[in-house]
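Below is one structure; the comments refer to it alone.
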Amino acid sequence: METKEAWHLTLVVFICWLAVFVRADAEDDIAFSAGESDTTKFGQAKSVRYLLYDVNPGEGFNLRRDVYMRVTNLVKELNKEEPWVLVLPPWGRLYHWKSPDLEQIKIPWSTFFDLPSLREHVPVIEFEEYLKLRGEPVIDEVYYLQGFKGGWTKWEEKMNITECNEGTGFVQDEEGNWYSWFFGYEEVYAKKFACLSYMGHATFIKPFLLKNTTGRCVMLPRAEVLLHDHFGNSEYWKARRSMVFAKHLRNIGDEFRRENLDSTDPDDKTELEDWTKMKRNHGDALGGPYVGVHLRRRDYLYAREGNLPSLKGAAKQIKKILKKYNLQKVFVATDAPSEEFEEFKNYFKKSKVYRFVPSKEIKEKYKDGGVAIIDQWIAAHARYFIGSYESTFSFRIQEEREILGFDPDTTFNRLCPDNDSDCEKPSIWKIVY
């Protein structure tokens, strides 16, 4: 690696860490106190350490976003003691990314999210940036998270280094190095590997990382085992608000809204601001003159059988909403095959139904994950949104609408099965500042 490039990356890490340090210090005068004393003591500067994580391969895009929030708040706590930077795990090979013609591995976070916004919450770098900084493809310590063997009879926070419960995908070579998938980077290896049986919130692992690890980079595979410390509180929402979609994806969604749905941010009262300063009240946002729908099909027809409507039943419910709000347009985010979508459209004789169909260039550049974000962005700006039962895709749209300032009555809604027109609404998780 050239010296100039290494210096630049080192400067990036220092600046993004310092920015979070200053913000945390402003929010909490004793945020970086190492002990229980109210007096902060400064000693010799400590070297920056790196935390990397991964998630169960079977988990989808929107659950992975949730795990990111858990880990960022852990990193925020670690930075109260010493400087840590979160290494963002590259995206790839997700279950719902079905396009066989796309190469979907080693995808950086900047494809989907605005990195400067993420760095307003905690210091983060891309995985390839980490590799360039290290100068060698190495991870010092890996602790593979797992549940306790045999389950549990009562919930209590605990952890132990134990034998691995099942296959981990990590293999040791003759020289003692450990190899695994590592996001498609075959040259990457780990120096140390162990399984860590774990039950607890994300920050419960903080003392272990500070006192029981010494490596410059520590990796935690299966990070979904870590639980939210306080789901739905202000810290949760700080992490969530920092996850601003990449501008290039928002621009594509905004263009579709403008050209097809008569929707613009000034008219809809949905203008985006710096998330650290943006604070909306419920009802501030009006939304575009259309109904946004997340119509989940495919695997959900079996996984959530009895909780989804037929296509005709879904259309019937949406037409009632159109009439109530005096609207004429519907935007649908759906995984339904084209023939099902055409059948669904045919139930609307007096209204126009739209679906975002990406160009070949957009799909190749931004992958299935980028197309999903564009869908979510358009649906989030609707005058009224209705989603699918227990879908994290719908839940993320609801969170976007909370950030933008929509009335909860126009956000937390679900498509009911045909035999239960008055089904229970989804849980309402209102934004907390």
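By order of appearance in the structure tokens: chains A, B, ..., then residues from 1 within every chain, and ligands from 1 in the order shown.
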
Excluding stretch 280-293 of chain A and any residue of its chain fewer than 5 positions from it, enumerate the residues within 6 Å of it, using only C-alpha atoms, and give them as a PyMOL selection string. chain A and resi 263+268-270+327+329-332+379+381-387+405-407

As a list in words, please: every residue in stretch 143-259 of chain A that DSSP puts in alpha helix (DSSP H). Lys206, Pro207, Phe208, Leu209, Leu210, Lys211, Ser234, Glu235, Tyr236, Trp237, Lys238, Ala239, Arg240, Arg241, Ser242, Lys247, His248, Leu249, Arg250, Asn251, Ile252, Gly253, Asp254, Glu255, Phe256, Arg257, Arg258 and Glu259 of chain A

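Between A:Asn251 and the candidates A:Asn419, A:Val85, A:Lys367, A:Ile374, the tightest atom-to-atom separation, counting only C-alpha atoms, involves A:Ile374.
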
Can you tell me which residues surround stretch 168-173 of chain A at a distance of at most 10 Å, considering only C-alpha atoms, apart from same-chain residues fewer than 3 positions away, and format the answer as a PyMOL selection string? chain A and resi 142+144-146+164-165+176-182+189-195+221-222

Atoms to include: C-alpha atoms. Write the selected residues as an mmCIF file, in the first residue's frame.
```cif
data_model
loop_
_atom_site.group_PDB
_atom_site.id
_atom_site.type_symbol
_atom_site.label_atom_id
_atom_site.label_comp_id
_atom_site.auth_asym_id
_atom_site.auth_seq_id
_atom_site.Cartn_x
_atom_site.Cartn_y
_atom_site.Cartn_z
ATOM 1 C CA VAL A 142 -12.712 -14.025 16.361
ATOM 2 C CA TYR A 144 -18.219 -16.813 17.356
ATOM 3 C CA LEU A 145 -21.378 -15.994 19.301
ATOM 4 C CA GLN A 146 -23.823 -18.792 20.056
ATOM 5 C CA CYS A 164 -18.773 -24.845 19.503
ATOM 6 C CA ASN A 165 -22.357 -26.092 19.413
ATOM 7 C CA GLY A 176 -2.628 -22.248 13.069
ATOM 8 C CA ASN A 177 -4.447 -19.566 11.094
ATOM 9 C CA TRP A 178 -8.234 -19.639 10.724
ATOM 10 C CA TYR A 179 -10.057 -19.249 7.432
ATOM 11 C CA SER A 180 -13.736 -18.751 6.650
ATOM 12 C CA TRP A 181 -16.036 -17.000 4.156
ATOM 13 C CA PHE A 182 -15.006 -13.512 5.329
ATOM 14 C CA TYR A 189 -7.497 -15.032 7.900
ATOM 15 C CA ALA A 190 -7.819 -14.832 11.685
ATOM 16 C CA LYS A 191 -5.060 -15.483 14.199
ATOM 17 C CA LYS A 192 -7.329 -16.662 17.008
ATOM 18 C CA PHE A 193 -10.767 -18.302 17.064
ATOM 19 C CA ALA A 194 -13.113 -19.387 19.862
ATOM 20 C CA CYS A 195 -16.820 -19.931 20.399
ATOM 21 C CA PRO A 221 -19.787 -13.481 13.941
ATOM 22 C CA ARG A 222 -23.501 -14.193 14.610
#
```

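With only C-alpha atoms as the atoms that count, the minimum distance from A:Phe395 to the choices A:Asp368, A:Asp66, A:Glu273, A:Asp54 is reached by A:Asp66.
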
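Shortest separation to A:Trp84 among A:Leu311, A:Leu249, A:Arg216, A:Lys425 occurs at residue A:Arg216, atoms counted being only C-alpha atoms.
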
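Note that atom CA of A:Ala202 and atom CA of A:Val138 are 24.5 Å apart.
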
One decimal place gives the atom CA of A:Cys416-atom CA of A:Ala315 separation as 11.1 Å

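With only C-alpha atoms as the atoms that count, the minimum distance from A:Tyr185 to the choices A:Val55, A:Leu131, A:Ala239, A:Cys423 is reached by A:Leu131.
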